[in-house]
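Engineer: My questions will all concern the structure given below.
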Amino acid sequence: MRIMGVDPGLQNTGWGVIDAVGQKSILIGSGLIRSREGTLAERLLRIFNQLTEIVDQFTPEHVAVEKTFVSINAASTLKLGHARGIALVVPTRAGMPVYEYAPNSVKRAVTGRGHASKEQVAYMVGVLLAVRSKLSVDETDALAVALTHAATGGTAAALELALKRAGVVR
């Protein structure tokens with residue numbers, strides 16, 4: 001199964017694509033979408049266009065997106081929400097199922113600890129995918145989300161989606 005992970009951000013959106021074959025995951029590609037210049041609308045369009053190109057190029061079967069961490073600064077959280085919306089819309093528009101994972105769930109799935117540091121997550125992503133080159137934090141976060149989906153087979157996320165569609169609140 002080909003899985004794309006996305007770590008949305010307004011300045012840097014990390015993405016990573018893996019192939020999950022049985023218990024093994026293989027790195028296919030990863031990178032950053034940088035959108036630091038221009039108006040909010042121009043930056044969001046840049047994320048939309050580049051994410052669309054990546055989805056078209058790699059054609060993942062599933063897309064996993066990290067849920068937003070709500071900070072104290074409401075304006076920053078709202079801007080991050082815009083970028084996250086793009087990360088949800090692009091694959092949905094292409095007909096791909098989208099799954100969402102909380103940051104602590106991702107950390108737990110990849111490192112065994114829900115409060116692991118970014119460095120620990122990056123290290124484990126490197127080990128799990130046999131990555132020899134240095135990846136950015138945003139790339140490793142995106143790959144960690146993809147690995148989380150691969151590890152769960154999407155079952156937890158699929159259950160949440162089904163419950164949400166059924167109107168069940170947990």
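Labeling convention for the structure tokens: chains A, B, ... as they appear, residues from 1 per chain, ligands from 1 in order of appearance.
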So which bits of stretch 17-126 of chain A end up strand (DSSP E or B) when you DSSP the backbone, as a ChimeraX atom specification?

Structural biologist: /A:17-21,24-34,62-66,98-101

Engineer: Counting only C-alpha atoms, what is within 12 Å of A:Phe58, bar same-chain residues fewer than 2 positions away, as a PyMOL selection string?

Structural biologist: chain A and resi 1-5+15-19+27-30+51-56+60-63+91+94

Engineer: Just C-alpha atoms for this one: save the residues we selected as a JSON list (two decimals), in the first residue's frame.

Structural biologist:
```
[["chain", "number", "residue", "atom", "x", "y", "z"],
["A", 1, "MET", "CA", 0.00, 0.00, 0.00],
["A", 2, "ARG", "CA", 1.39, 3.43, -0.92],
["A", 3, "ILE", "CA", 0.91, 5.95, 1.88],
["A", 4, "MET", "CA", 1.61, 9.66, 1.86],
["A", 5, "GLY", "CA", 2.13, 11.45, 5.15],
["A", 15, "TRP", "CA", 5.51, 15.38, 2.99],
["A", 16, "GLY", "CA", 6.69, 11.82, 2.69],
["A", 17, "VAL", "CA", 5.66, 8.81, 0.65],
["A", 18, "ILE", "CA", 6.27, 5.21, 1.67],
["A", 19, "ASP", "CA", 5.31, 1.80, 0.35],
["A", 27, "LEU", "CA", 10.86, 5.26, 1.52],
["A", 28, "ILE", "CA", 9.71, 6.42, -1.92],
["A", 29, "GLY", "CA", 10.19, 10.17, -1.56],
["A", 30, "SER", "CA", 9.97, 13.12, 0.79],
["A", 51, "LEU", "CA", 0.79, 19.27, -2.95],
["A", 52, "THR", "CA", -1.39, 18.57, -5.99],
["A", 53, "GLU", "CA", 1.74, 17.92, -8.09],
["A", 54, "ILE", "CA", 3.13, 15.56, -5.44],
["A", 55, "VAL", "CA", -0.15, 13.63, -5.15],
["A", 56, "ASP", "CA", -0.33, 13.36, -8.96],
["A", 60, "PRO", "CA", -0.77, 7.31, -2.91],
["A", 61, "GLU", "CA", -3.58, 4.95, -1.99],
["A", 62, "HIS", "CA", -3.99, 6.55, 1.44],
["A", 63, "VAL", "CA", -3.01, 9.93, 2.83],
["A", 91, "PRO", "CA", -6.02, 14.25, -1.71],
["A", 94, "ALA", "CA", -8.12, 13.35, -6.09]]
```

Engineer: Excluding stretch 108-110 of chain A and its own-chain neighbours fewer than 2 positions away, which residues fall within 8 Å of it when counting only C-alpha atoms? Please give them as a PDB file with C-alpha atoms, in the first residue's frame.

Structural biologist:
```pdb
ATOM      1  CA  ASN A 104       1.054  11.975  20.505  1.00  0.00           C
ATOM      2  CA  SER A 105      -0.345   8.948  18.637  1.00  0.00           C
ATOM      3  CA  VAL A 106       2.288   9.400  15.941  1.00  0.00           C
ATOM      4  CA  GLY A 112       6.902   3.825  21.784  1.00  0.00           C
ATOM      5  CA  ARG A 113       6.494   7.073  23.760  1.00  0.00           C
ATOM      6  CA  GLY A 114       3.680   9.576  23.286  1.00  0.00           C
ATOM      7  CA  HIS A 115       5.836  12.463  24.469  1.00  0.00           C
ATOM      8  CA  ALA A 116       8.997  11.662  22.521  1.00  0.00           C
ATOM      9  CA  VAL A 121      11.049  10.710  16.164  1.00  0.00           C
ATOM     10  CA  MET A 124      13.360   6.256  14.612  1.00  0.00           C
ATOM     11  CA  VAL A 125      12.090   7.326  11.178  1.00  0.00           C
ATOM     12  CA  ALA A 144       6.228   9.379  10.938  1.00  0.00           C
ATOM     13  CA  LEU A 147       4.509   5.035   9.265  1.00  0.00           C
ATOM     14  CA  THR A 148       1.778   5.366  11.893  1.00  0.00           C
ATOM     15  CA  ALA A 151       1.533   0.293  11.481  1.00  0.00           C
TER      16      ALA A 151
END
```

Engineer: Select, from A:Ala74, A:Ile26, A:Val168, A:Ala20, the residue with the minimum atom-to-atom distance to A:Ala130, counting only C-alpha atoms.

Structural biologist: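 When distances to A:Ala130 are compared using only C-alpha atoms, the smallest one comes from A:Ile26.
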
Engineer: Find the distance between atom CA of A:Arg165 and atom CA of A:Ala102 and write it in Å to one decimal.

Structural biologist: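 Separating atom CA of A:Arg165 from atom CA of A:Ala102 is a distance of 18.8 Å.
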
Engineer: Running DSSP on the backbone, which parts of stretch 15-168 of chain A land in helix (DSSP H, G or I), as a ChimeraX atom specification?

Structural biologist: /A:40-58,74-93,103-111,118-129,137-152,155-165
